[in-house]
file start11.tsv (TSV, C-alpha atoms and all ligand atoms)
chain	number	residue	atom	x	y	z
P	1	MET	CA	-102.41	-57.19	87.50
P	2	ILE	CA	-101.84	-53.49	88.26
P	3	GLN	CA	-98.32	-52.26	87.62
P	4	PHE	CA	-96.78	-49.63	89.88
P	5	LEU	CA	-95.97	-47.61	86.76
P	6	ASP	CA	-96.61	-48.31	83.08
P	7	LEU	CA	-94.05	-46.37	81.03
P	8	LYS	CA	-95.56	-47.45	77.70
P	9	ALA	CA	-98.90	-45.76	78.38
P	10	PRO	CA	-97.74	-42.13	77.90
P	11	TYR	CA	-96.29	-43.03	74.49
P	12	GLN	CA	-99.44	-44.88	73.45
P	13	GLU	CA	-101.51	-41.80	74.23
P	14	LEU	CA	-99.25	-39.38	72.30
P	15	LYS	CA	-97.78	-41.75	69.68
P	16	THR	CA	-98.51	-39.65	66.57
P	17	GLU	CA	-97.06	-36.45	68.01
P	18	ILE	CA	-94.01	-38.14	69.56
P	19	ASP	CA	-93.21	-40.07	66.37
P	20	GLU	CA	-93.42	-36.83	64.40
P	21	ALA	CA	-91.10	-35.04	66.86
P	22	ILE	CA	-88.50	-37.83	66.79
P	23	SER	CA	-88.57	-38.00	63.02
P	24	ARG	CA	-88.19	-34.21	62.75
P	25	VAL	CA	-84.97	-34.31	64.83
P	26	ILE	CA	-83.51	-37.27	62.96
P	27	GLN	CA	-84.18	-35.64	59.59
P	28	SER	CA	-82.76	-32.29	60.72
P	29	GLY	CA	-79.30	-33.83	61.17
P	30	TRP	CA	-78.79	-31.59	64.23
P	31	PHE	CA	-78.00	-33.83	67.21
P	32	ILE	CA	-76.43	-31.60	69.90
P	33	GLY	CA	-78.11	-28.43	71.16
P	34	GLY	CA	-79.86	-26.34	68.55
P	35	ALA	CA	-83.42	-25.20	67.95
P	36	GLU	CA	-85.23	-28.09	69.69
P	37	VAL	CA	-83.33	-27.50	72.93
P	38	ASP	CA	-83.70	-23.70	72.67
P	39	GLN	CA	-87.43	-24.02	72.07
P	40	PHE	CA	-87.96	-26.46	74.92
P	41	GLU	CA	-86.01	-24.19	77.26
P	42	GLU	CA	-88.25	-21.29	76.25
P	43	ASP	CA	-91.44	-23.33	76.70
P	44	PHE	CA	-90.35	-24.79	80.04
P	45	ALA	CA	-89.26	-21.41	81.45
P	46	ALA	CA	-92.64	-19.94	80.46
P	47	TYR	CA	-94.49	-22.88	82.00
P	48	CYS	CA	-92.56	-22.51	85.28
P	49	GLY	CA	-92.92	-18.74	85.40
P	50	ALA	CA	-89.12	-18.37	85.39
P	51	ASN	CA	-87.03	-16.02	83.26
P	52	HIS	CA	-84.55	-18.73	82.23
P	53	ALA	CA	-84.43	-22.48	81.72
P	54	VAL	CA	-81.23	-24.34	80.87
P	55	GLY	CA	-81.40	-27.96	79.71
P	56	VAL	CA	-78.86	-30.42	81.10
P	57	ALA	CA	-78.27	-34.17	80.89
P	58	ASN	CA	-80.18	-35.32	84.00
P	59	GLY	CA	-81.53	-34.24	87.38
P	60	LEU	CA	-78.36	-34.99	89.32
P	61	ASP	CA	-76.39	-32.71	86.99
P	62	ALA	CA	-79.08	-30.03	87.31
P	63	LEU	CA	-78.46	-30.05	91.09
P	64	HIS	CA	-74.68	-30.35	90.80
P	65	LEU	CA	-74.23	-27.58	88.21
P	66	SER	CA	-76.64	-25.33	90.14
P	67	LEU	CA	-74.54	-25.71	93.29
P	68	ARG	CA	-71.38	-24.94	91.28
P	69	ALA	CA	-73.07	-21.89	89.77
P	70	LEU	CA	-73.90	-20.74	93.32
P	71	GLY	CA	-70.20	-21.01	94.14
P	72	VAL	CA	-70.35	-24.13	96.34
P	73	GLY	CA	-66.98	-25.85	96.68
P	74	ALA	CA	-64.67	-27.78	99.00
P	75	GLY	CA	-65.24	-27.10	102.70
P	76	ASP	CA	-68.70	-25.60	102.21
P	77	GLU	CA	-71.88	-26.95	103.78
P	78	VAL	CA	-75.29	-27.38	102.18
P	79	ILE	CA	-78.45	-28.08	104.18
P	80	VAL	CA	-80.38	-31.05	102.76
P	81	PRO	CA	-83.37	-33.11	103.92
P	82	SER	CA	-82.52	-36.26	105.91
P	83	ASN	CA	-85.22	-38.04	103.86
P	84	THR	CA	-84.68	-37.69	100.15
P	85	TYR	CA	-83.45	-39.56	97.11
P	86	ILE	CA	-79.67	-39.81	97.40
P	87	ALA	CA	-79.12	-37.57	94.33
P	88	THR	CA	-79.81	-34.52	96.52
P	89	TRP	CA	-76.86	-35.42	98.75
P	90	LEU	CA	-74.59	-36.64	95.95
P	91	ALA	CA	-74.81	-33.32	94.11
P	92	VAL	CA	-73.41	-31.63	97.23
P	93	SER	CA	-70.67	-34.22	97.63
P	94	GLN	CA	-69.69	-33.85	93.96
P	95	CYS	CA	-68.80	-30.21	94.71
P	96	GLY	CA	-66.51	-31.34	97.54
P	97	ALA	CA	-69.00	-29.86	100.00
P	98	LYS	CA	-70.75	-31.51	102.98
P	99	PRO	CA	-74.46	-32.34	103.01
P	100	VAL	CA	-75.88	-31.31	106.41
P	101	PRO	CA	-79.12	-33.25	107.01
P	102	VAL	CA	-82.21	-31.68	108.57
P	103	GLU	CA	-85.23	-33.74	109.59
P	104	PRO	CA	-88.65	-33.32	107.93
P	105	ASP	CA	-91.92	-31.96	109.24
P	106	ALA	CA	-93.71	-35.06	110.56
P	107	ARG	CA	-96.90	-34.29	108.61
P	108	THR	CA	-95.68	-33.13	105.18
P	109	TYR	CA	-92.41	-35.15	105.07
P	110	ASN	CA	-90.71	-32.06	103.63
P	111	ILE	CA	-87.78	-30.33	105.32
P	112	ASP	CA	-88.90	-28.70	108.58
P	113	PRO	CA	-88.11	-24.96	108.41
P	114	ALA	CA	-88.15	-24.81	112.23
P	115	ARG	CA	-85.10	-27.08	112.35
P	116	ILE	CA	-83.03	-25.36	109.66
P	117	GLU	CA	-81.65	-22.44	111.66
P	118	ALA	CA	-79.88	-24.71	114.17
P	119	ALA	CA	-78.04	-26.44	111.29
P	120	ILE	CA	-76.63	-23.23	109.76
P	121	THR	CA	-72.94	-22.52	110.39
P	122	SER	CA	-70.42	-20.04	109.02
P	123	ARG	CA	-69.71	-22.58	106.24
P	124	THR	CA	-73.31	-22.93	105.06
P	125	LYS	CA	-73.68	-21.71	101.46
P	126	VAL	CA	-77.04	-23.12	100.35
P	127	ILE	CA	-80.30	-24.53	101.71
P	128	LEU	CA	-81.53	-27.30	99.42
P	129	PRO	CA	-85.21	-28.20	100.06
P	130	VAL	CA	-86.77	-31.05	98.08
P	131	HIS	CA	-90.41	-30.97	96.96
P	132	LEU	CA	-90.70	-34.60	97.93
P	133	TYR	CA	-93.37	-36.83	96.36
P	134	GLY	CA	-94.54	-33.75	94.40
P	135	GLN	CA	-95.63	-31.83	97.53
P	136	PRO	CA	-94.19	-28.31	97.63
P	137	ALA	CA	-91.89	-27.61	100.58
P	138	ASN	CA	-92.83	-24.65	102.80
P	139	MET	CA	-90.78	-22.07	100.88
P	140	ASP	CA	-91.59	-18.77	102.64
P	141	PRO	CA	-89.98	-19.59	106.01
P	142	ILE	CA	-87.05	-21.22	104.18
P	143	LEU	CA	-86.50	-18.10	102.06
P	144	GLU	CA	-86.82	-15.93	105.15
P	145	ILE	CA	-84.13	-17.89	107.03
P	146	ALA	CA	-81.90	-17.90	103.94
P	147	GLY	CA	-82.25	-14.14	103.50
P	148	ARG	CA	-81.46	-13.50	107.13
P	149	SER	CA	-78.45	-15.86	107.07
P	150	GLY	CA	-77.05	-14.69	103.73
P	151	VAL	CA	-77.29	-18.11	102.07
P	152	LYS	CA	-78.85	-19.14	98.75
P	153	VAL	CA	-81.76	-21.50	98.12
P	154	LEU	CA	-81.65	-24.29	95.51
P	155	GLU	CA	-84.87	-26.30	95.13
P	156	ASP	CA	-84.87	-29.97	94.11
P	157	ALA	CA	-88.08	-30.07	92.06
P	158	ALA	CA	-87.33	-33.42	90.37
P	159	GLN	CA	-90.67	-34.79	91.60
P	160	ALA	CA	-92.81	-31.68	91.39
P	161	HIS	CA	-93.36	-30.46	87.79
P	162	GLY	CA	-96.47	-28.28	87.84
P	163	ALA	CA	-96.92	-28.21	91.63
P	164	ARG	CA	-97.89	-24.85	93.11
P	165	TYR	CA	-96.84	-23.12	96.34
P	166	LYS	CA	-99.34	-20.46	97.49
P	167	GLY	CA	-100.89	-20.42	94.02
P	168	LYS	CA	-97.63	-19.99	92.09
P	169	ARG	CA	-96.03	-22.80	90.10
P	170	LEU	CA	-92.65	-23.99	91.30
P	171	GLY	CA	-89.79	-22.75	89.15
P	172	ALA	CA	-88.44	-19.56	90.66
P	173	HIS	CA	-89.29	-19.30	94.36
P	174	GLY	CA	-85.69	-19.93	95.38
P	175	ASP	CA	-82.53	-18.69	93.63
P	176	VAL	CA	-82.31	-21.80	91.43
P	177	VAL	CA	-84.58	-24.80	90.77
P	178	ALA	CA	-83.32	-28.20	89.54
P	179	TRP	CA	-85.50	-30.54	87.49
P	180	SER	CA	-85.22	-34.14	86.28
P	181	PHE	CA	-86.96	-35.59	83.23
P	182	TYR	CA	-86.18	-39.21	84.13
P	183	PRO	CA	-88.89	-41.25	82.34
P	184	GLY	CA	-91.01	-41.91	85.45
P	185	LYS	CA	-91.27	-38.24	86.53
P	186	ASN	CA	-94.41	-36.16	85.95
P	187	LEU	CA	-92.67	-34.64	82.92
P	188	GLY	CA	-90.59	-37.56	81.68
P	189	ALA	CA	-88.35	-37.98	78.65
P	190	MET	CA	-87.70	-41.24	76.80
P	191	GLY	CA	-84.22	-41.38	78.29
P	192	ASP	CA	-82.31	-39.07	80.62
P	193	GLY	CA	-82.84	-35.33	80.79
P	194	GLY	CA	-82.82	-32.43	83.22
P	195	ALA	CA	-83.05	-28.65	83.48
P	196	VAL	CA	-82.43	-25.69	85.74
P	197	THR	CA	-84.80	-22.74	86.02
P	198	THR	CA	-83.95	-19.37	87.57
P	199	ASN	CA	-84.74	-15.68	87.37
P	200	ASP	CA	-81.05	-14.84	87.74
P	201	PRO	CA	-79.40	-14.26	84.33
P	202	GLN	CA	-75.89	-14.75	85.74
P	203	ILE	CA	-76.71	-18.15	87.20
P	204	ALA	CA	-78.34	-19.22	83.93
P	205	ASP	CA	-75.27	-18.05	82.02
P	206	ARG	CA	-72.88	-19.91	84.35
P	207	ILE	CA	-74.83	-23.15	83.94
P	208	ARG	CA	-74.86	-22.75	80.13
P	209	VAL	CA	-71.06	-22.52	80.24
P	210	LEU	CA	-70.60	-25.32	82.80
P	211	ARG	CA	-72.82	-27.78	80.87
P	212	ASN	CA	-70.77	-27.30	77.70
P	213	TYR	CA	-67.14	-27.98	78.69
P	214	GLY	CA	-66.81	-24.56	80.28
P	215	SER	CA	-67.10	-23.07	76.83
P	216	ARG	CA	-69.15	-20.29	75.29
P	217	VAL	CA	-67.22	-20.07	72.03
P	218	LYS	CA	-66.22	-23.38	70.45
P	219	TYR	CA	-62.71	-24.49	71.54
P	220	VAL	CA	-62.37	-21.57	73.96
P	221	ASN	CA	-62.66	-22.85	77.55
P	222	GLU	CA	-63.22	-20.34	80.33
P	223	VAL	CA	-63.52	-22.85	83.17
P	224	GLN	CA	-63.10	-26.60	83.68
P	225	GLY	CA	-66.65	-27.52	82.77
P	226	PHE	CA	-68.64	-30.69	82.18
P	227	ASN	CA	-70.45	-32.41	79.34
P	228	SER	CA	-74.04	-32.27	80.50
P	229	ARG	CA	-76.26	-31.32	77.58
P	230	LEU	CA	-79.96	-32.01	77.03
P	231	ASP	CA	-80.33	-34.29	73.99
P	232	PRO	CA	-82.40	-32.59	71.22
P	233	LEU	CA	-84.36	-35.82	70.71
P	234	GLN	CA	-85.38	-35.67	74.36
P	235	ALA	CA	-86.09	-31.93	74.08
P	236	ALA	CA	-88.42	-32.57	71.12
P	237	ILE	CA	-90.26	-35.31	73.06
P	238	LEU	CA	-90.47	-33.08	76.15
P	239	ARG	CA	-91.99	-30.27	74.08
P	240	VAL	CA	-94.81	-32.62	73.09
P	241	LYS	CA	-95.36	-33.84	76.65
P	242	LEU	CA	-95.16	-30.41	78.31
P	243	ALA	CA	-98.40	-29.45	76.56
P	244	TYR	CA	-100.15	-32.30	78.41
P	245	LEU	CA	-98.53	-31.83	81.82
P	246	ASP	CA	-101.38	-29.88	83.43
P	247	GLU	CA	-104.02	-32.29	82.15
P	248	TRP	CA	-101.97	-35.28	83.29
P	249	ASN	CA	-101.39	-33.72	86.71
P	250	LEU	CA	-105.17	-33.23	87.04
P	251	ARG	CA	-105.61	-36.93	86.33
P	252	ARG	CA	-103.02	-37.71	89.03
P	253	ARG	CA	-104.94	-35.45	91.40
P	254	ALA	CA	-108.14	-37.39	90.70
P	255	VAL	CA	-106.34	-40.66	91.53
P	256	ALA	CA	-105.04	-39.13	94.78
P	257	ALA	CA	-108.54	-37.88	95.69
P	258	GLN	CA	-109.96	-41.33	95.06
P	259	TYR	CA	-107.35	-42.87	97.39
P	260	GLN	CA	-107.87	-40.13	99.99
P	261	ASN	CA	-111.63	-40.83	100.09
P	262	GLY	CA	-111.46	-44.59	99.76
P	263	LEU	CA	-108.74	-45.09	102.37
P	264	SER	CA	-109.84	-42.52	104.95
P	265	LYS	CA	-111.13	-45.12	107.39
P	266	CYS	CA	-108.67	-47.99	106.99
P	267	GLY	CA	-105.99	-47.06	109.51
P	268	LEU	CA	-103.27	-46.26	106.99
P	269	GLY	CA	-101.39	-42.98	107.43
P	270	LEU	CA	-102.40	-40.86	104.43
P	271	PRO	CA	-100.73	-37.81	102.84
P	272	TYR	CA	-101.42	-34.45	104.46
P	273	VAL	CA	-101.77	-31.43	102.18
P	274	PRO	CA	-101.39	-27.97	103.77
P	275	ASP	CA	-103.87	-25.39	102.45
P	276	TRP	CA	-101.08	-23.49	100.64
P	277	ALA	CA	-99.98	-26.56	98.69
P	278	GLU	CA	-101.09	-27.86	95.29
P	279	PRO	CA	-99.11	-31.08	94.94
P	280	ALA	CA	-98.17	-32.61	91.60
P	281	TRP	CA	-98.87	-36.09	93.06
P	282	HIS	CA	-95.72	-37.64	91.67
P	283	LEU	CA	-96.14	-40.30	94.35
P	284	TYR	CA	-98.99	-41.25	96.66
P	285	VAL	CA	-97.28	-42.40	99.83
P	286	VAL	CA	-99.00	-44.06	102.80
P	287	GLN	CA	-97.66	-45.47	106.03
P	288	HIS	CA	-98.33	-48.72	107.83
P	289	PRO	CA	-96.48	-50.28	110.80
P	290	GLN	CA	-96.31	-53.68	109.02
P	291	ARG	CA	-95.30	-52.16	105.72
P	292	ASP	CA	-93.32	-55.15	104.42
P	293	VAL	CA	-96.17	-57.58	105.10
P	294	LEU	CA	-98.56	-55.25	103.31
P	295	ILE	CA	-96.29	-55.01	100.27
P	296	ARG	CA	-96.12	-58.82	100.07
P	297	GLN	CA	-99.90	-59.17	100.34
P	298	MET	CA	-100.46	-56.53	97.67
P	299	SER	CA	-97.93	-58.18	95.40
P	300	GLU	CA	-99.69	-61.55	95.84
P	301	ALA	CA	-102.89	-59.78	94.80
P	302	GLY	CA	-101.13	-58.56	91.63
P	303	ILE	CA	-100.66	-54.94	92.71
P	304	GLY	CA	-97.29	-53.25	92.39
P	305	THR	CA	-96.11	-50.88	95.13
P	306	MET	CA	-92.72	-49.33	95.84
P	307	ILE	CA	-90.72	-47.85	98.73
P	308	HIS	CA	-89.43	-44.27	98.47
P	309	TYR	CA	-86.86	-44.83	99.88
P	310	PRO	CA	-85.89	-47.99	101.79
P	311	ILE	CA	-82.53	-46.69	103.11
P	312	PRO	CA	-82.06	-43.03	104.09
P	313	PRO	CA	-78.87	-41.44	102.70
P	314	HIS	CA	-77.12	-41.24	106.11
P	315	LEU	CA	-77.32	-45.05	106.47
P	316	GLN	CA	-76.13	-45.79	102.93
P	317	GLN	CA	-72.71	-47.38	102.59
P	318	ALA	CA	-71.88	-44.53	100.21
P	319	TYR	CA	-71.95	-42.16	103.23
P	320	SER	CA	-70.30	-44.49	105.76
P	321	SER	CA	-67.30	-42.14	105.88
P	322	GLU	CA	-69.53	-39.52	107.56
P	323	GLY	CA	-69.82	-41.79	110.61
P	324	TYR	CA	-73.60	-41.64	111.01
P	325	ALA	CA	-75.36	-44.28	113.10
P	326	ARG	CA	-78.89	-45.67	113.24
P	327	GLY	CA	-80.97	-43.31	115.38
P	328	ASP	CA	-79.23	-40.13	114.17
P	329	PHE	CA	-82.23	-39.09	112.03
P	330	PRO	CA	-85.22	-40.93	113.51
P	331	LEU	CA	-87.89	-39.39	111.28
P	332	ALA	CA	-85.99	-40.27	108.10
P	333	GLU	CA	-85.53	-43.80	109.47
P	334	GLU	CA	-89.19	-44.12	110.36
P	335	ILE	CA	-90.22	-43.04	106.87
P	336	ALA	CA	-87.81	-45.58	105.35
P	337	GLY	CA	-89.30	-48.31	107.56
P	338	LYS	CA	-93.04	-47.67	107.35
P	339	PHE	CA	-93.85	-45.96	104.07
P	340	LEU	CA	-95.02	-47.44	100.80
P	341	SER	CA	-96.07	-45.82	97.53
P	342	LEU	CA	-99.28	-46.84	95.77
P	343	PRO	CA	-99.64	-46.73	91.98
P	344	VAL	CA	-100.46	-43.22	90.75
P	345	SER	CA	-100.27	-42.05	87.16
P	346	PRO	CA	-102.36	-40.19	84.58
P	347	HIS	CA	-102.97	-43.53	82.88
P	348	LEU	CA	-104.32	-45.45	85.83
P	349	LEU	CA	-108.05	-46.14	85.35
P	350	SER	CA	-110.39	-45.25	88.19
P	351	HIS	CA	-111.52	-48.88	88.08
P	352	ASP	CA	-107.90	-49.93	88.86
P	353	VAL	CA	-107.64	-47.41	91.69
P	354	GLU	CA	-110.82	-48.95	93.11
P	355	THR	CA	-109.20	-52.39	92.94
P	356	VAL	CA	-106.15	-51.12	94.86
P	357	ILE	CA	-108.43	-49.56	97.49
P	358	ASP	CA	-110.50	-52.76	97.83
P	359	LYS	CA	-107.38	-54.88	98.33
P	360	LEU	CA	-105.99	-52.47	100.92
P	361	LEU	CA	-109.26	-52.44	102.83
P	362	ARG	CA	-109.25	-56.22	102.88
P	363	VAL	CA	-105.62	-56.83	103.88
P	364	GLY	CA	-104.73	-53.56	105.65
J	401	LIG	C1	-85.20	-38.31	90.18
J	401	LIG	C2	-84.62	-37.45	91.24
J	401	LIG	C3	-83.35	-36.85	91.11
J	401	LIG	C4	-82.36	-37.21	90.05
J	401	LIG	O1	-82.77	-37.15	88.76
J	401	LIG	P1	-82.01	-37.99	87.62
J	401	LIG	O2	-82.56	-37.41	86.37
J	401	LIG	O3	-82.33	-39.43	87.81
J	401	LIG	O4	-80.54	-37.71	87.76
J	401	LIG	C5	-82.96	-35.95	92.09
J	401	LIG	N1	-83.72	-35.68	93.15
J	401	LIG	C6	-84.92	-36.27	93.33
J	401	LIG	C7	-85.72	-35.91	94.54
J	401	LIG	C8	-85.41	-37.19	92.40
J	401	LIG	O5	-86.59	-37.78	92.61
call {"tool": "encode", "arguments": {"input": "start11.tsv", "output": "structure tokens", "more": "lines below"}}
Ligand SMILES: *Cc1c(COP(=O)(O)O)cnc(C)c1O
result
Amino acid sequence: MIQFLDLKAPYQELKTEIDEAISRVIQSGWFIGGAEVDQFEEDFAAYCGANHAVGVANGLDALHLSLRALGVGAGDEVIVPSNTYIATWLAVSQCGAKPVPVEPDARTYNIDPARIEAAITSRTKVILPVHLYGQPANMDPILEIAGRSGVKVLEDAAQAHGARYKGKRLGAHGDVVAWSFYPGKNLGAMGDGGAVTTNDPQIADRIRVLRNYGSRVKYVNEVQGFNSRLDPLQAAILRVKLAYLDEWNLRRRAVAAQYQNGLSKCGLGLPYVPDWAEPAWHLYVVQHPQRDVLIRQMSEAGIGTMIHYPIPPHLQQAYSSEGYARGDFPLAEEIAGKFLSLPVSPHLLSHDVETVIDKLLRVG
């Protein structure tokens, strides 16, 4: 039996350090904000090569508060990938703005810079690329278009902790970068968590105010803010795990390399990595025309797989008011229909990866 993801394994590996961190917070009696959050923000900013990191409650809030800090509001438009987790779109909708979908590059599955320009209007405020599956989006052409059009760039890096674009870690290529520490992410908490990184001190300051009821000084409220704070218990756990992120990403890369070699001749569509990309391998996603049959056969063989994501946002009931129809975003629909994710984690043994490969060669 090979699980898609074993969330107990990271704790088992770091049990002593995590137990110590949790106990330290409990005994400190300091349960909102404070030194643990400050220290994690400092560590995470340094790791990302960004001047500022601001902890928030989850990845969706990181996106939402970033858009607010960039001034996005009712009537504005934000360019988003047609193939992404729905959080990317929801953050835009929560500002009263409209997500404007753009199809991906057919090889990288990340937003296609060549299609962005045609989607920009006088209402466009932000381009929001997603580093999907841990593969960095092609930032330079996106930044070039944004600069020329006078719009900002917010990156959704919820799946890409530690990934590099042209040699530089993600964290400050665009104006703002949003992160999630949902337990299954490359840097995962033991509950919800999120952060924003940026080199812009004003954006960082605005998010600090927005996450804390619009307040800088207790009981003095400058704006109508939100309660979206990073829990110090989670911050303490994240500090422990951040020290292992690079090593764990290397282990993910080894799993991906093993798949890439082992599956090269079996007819599955495999991930393509441009030479400027160092993916974080959050997911290892392959494509097969009979995807659902394959998933059933793998499951019968005791191997867990998942679909990221089975329904593209434009076909979700949640967005029915936008009036989209099947066929509007064919690449996003094709990805939803043919893709499946194989198990990949720092705790997957190479023996288990071999088992997955053997099964795929036999049934695929
Ligand atoms: C996980 C994820 C989010 C949302 O993060 P939460 O912490 O669950 O709110 C946003 N965007 C992408 C691409 C994600 O994978």
call {"tool": "residues_near_point", "arguments": {"input": "start11.tsv", "point": "(-107.9, -34.1, 88.7)", "cutoff": "12 Å", "atoms": "all atoms listed in the file", "output": "list in words"}}
result
Leu245, Asp246, Glu247, Trp248, Asn249, Leu250, Arg251, Arg252, Arg253, Ala254, Val255, Ala256, Ala257, Gln258, Glu278, Pro279, Ala280, Trp281, Val344, Ser345, Pro346 and Ser350 of chain P
call {"tool": "atom_distance", "arguments": {"input": "start11.tsv", "atom1": "atom CA of Gly73 of chain P", "atom2": "atom CA of Arg208 of chain P"}}
result
18.6 Å
call {"tool": "residues_near_ligand", "arguments": {"input": "start11.tsv", "ligand": "ligand LIG 401 (chain J)", "cutoff": "7 Å", "atoms": "all atoms listed in the file", "output": "list in words"}}
result
Asn58, Gly59, Leu60, Asp61, Thr84, Tyr85, Ala87, Thr88, Val130, Leu132, Asp156, Ala157, Ala158, Gln159, Ser180, Phe181, Tyr182, Asp192, Gly193 and Gly194 of chain P
call {"tool": "closest_residue", "arguments": {"input": "start11.tsv", "among": "P:Glu334, P:Lys359, P:Ser320, P:Ile237", "to": "Lys15 of chain P", "atoms": "all atoms listed in the file"}}
result
P:Ile237
call {"tool": "atom_distance", "arguments": {"input": "start11.tsv", "atom1": "atom CA of Gly191 of chain P", "atom2": "atom CA of Val223 of chain P"}}
result
28.2 Å
call {"tool": "residues_around", "arguments": {"input": "start11.tsv", "residues": "Arg206 of chain P", "least_positions_apart": "2", "cutoff": "12 Å", "atoms": "all atoms listed in the file", "output": "NGL selection string"}}
result
:P and (52 or 54 or 65-71 or 176 or 196 or 198 or 200-204 or 208-216 or 222-226)
call {"tool": "closest_residue", "arguments": {"input": "start11.tsv", "among": "P:Val92, P:Ile111, P:Leu233, P:Val78", "to": "Val126 of chain P", "atoms": "all atoms listed in the file"}}
result
P:Val78
call {"tool": "residues_around", "arguments": {"input": "start11.tsv", "residues": "Gly33 of chain P", "least_positions_apart": "6", "cutoff": "12 Å", "atoms": "only C-alpha atoms", "output": "list in words"}}
result
Val25, Gln39, Phe40, Glu41, Val54, Gly55, Val56, Ala57, Arg208, Arg211, Asn212, Asn227, Ser228, Arg229, Leu230, Asp231, Pro232, Leu233, Gln234, Ala235 and Ala236 of chain P
call {"tool": "atom_distance", "arguments": {"input": "start11.tsv", "atom1": "atom CA of Val293 of chain P", "atom2": "atom CA of Thr108 of chain P"}}
result
24.5 Å
call {"tool": "decode", "arguments": {"input": "start11.tsv", "residues": "segment 315-328 of chain P", "atoms": "N, CA, C and O atoms", "output": "CSV table (one decimal), in the first residue's frame"}}
result
chain,number,residue,atom,x,y,z
P,315,LEU,N,-15.7,26.1,-14.8
P,315,LEU,CA,-16.9,25.2,-14.8
P,315,LEU,C,-17.4,24.8,-13.4
P,315,LEU,O,-18.3,23.9,-13.3
P,316,GLN,N,-16.9,25.4,-12.4
P,316,GLN,CA,-17.4,25.2,-11.1
P,316,GLN,C,-18.7,25.9,-10.9
P,316,GLN,O,-18.9,27.0,-11.4
P,317,GLN,N,-19.6,25.3,-10.1
P,317,GLN,CA,-20.9,25.9,-9.9
P,317,GLN,C,-20.7,27.3,-9.2
P,317,GLN,O,-21.4,28.3,-9.4
P,318,ALA,N,-19.6,27.4,-8.4
P,318,ALA,CA,-19.3,28.7,-7.7
P,318,ALA,C,-19.2,29.8,-8.7
P,318,ALA,O,-19.4,31.0,-8.3
P,319,TYR,N,-18.8,29.5,-9.9
P,319,TYR,CA,-18.6,30.6,-10.9
P,319,TYR,C,-19.7,30.5,-12.0
P,319,TYR,O,-19.5,31.1,-13.1
P,320,SER,N,-20.8,29.9,-11.8
P,320,SER,CA,-21.8,29.8,-12.8
P,320,SER,C,-22.4,31.1,-13.2
P,320,SER,O,-22.8,31.3,-14.3
P,321,SER,N,-22.3,32.1,-12.3
P,321,SER,CA,-22.8,33.4,-12.6
P,321,SER,C,-22.0,34.1,-13.7
P,321,SER,O,-22.5,35.1,-14.3
P,322,GLU,N,-20.8,33.7,-13.9
P,322,GLU,CA,-20.0,34.3,-15.0
P,322,GLU,C,-20.4,33.8,-16.4
P,322,GLU,O,-19.9,34.4,-17.4
P,323,GLY,N,-21.2,32.8,-16.4
P,323,GLY,CA,-21.8,32.3,-17.7
P,323,GLY,C,-20.8,31.6,-18.6
P,323,GLY,O,-21.0,31.6,-19.9
P,324,TYR,N,-19.8,31.0,-18.1
P,324,TYR,CA,-18.8,30.2,-18.9
P,324,TYR,C,-19.5,28.9,-19.3
P,324,TYR,O,-20.3,28.3,-18.7
P,325,ALA,N,-19.0,28.4,-20.5
P,325,ALA,CA,-19.5,27.1,-21.0
P,325,ALA,C,-18.3,26.2,-21.2
P,325,ALA,O,-17.2,26.6,-21.3
P,326,ARG,N,-18.6,24.9,-21.3
P,326,ARG,CA,-17.6,23.9,-21.7
P,326,ARG,C,-17.0,24.3,-23.0
P,326,ARG,O,-17.8,24.7,-23.9
P,327,GLY,N,-15.7,24.2,-23.2
P,327,GLY,CA,-15.1,24.6,-24.4
P,327,GLY,C,-14.5,26.0,-24.4
P,327,GLY,O,-13.7,26.4,-25.3
P,328,ASP,N,-14.8,26.8,-23.4
P,328,ASP,CA,-14.3,28.2,-23.3
P,328,ASP,C,-12.8,28.2,-23.1
P,328,ASP,O,-12.1,29.1,-23.5
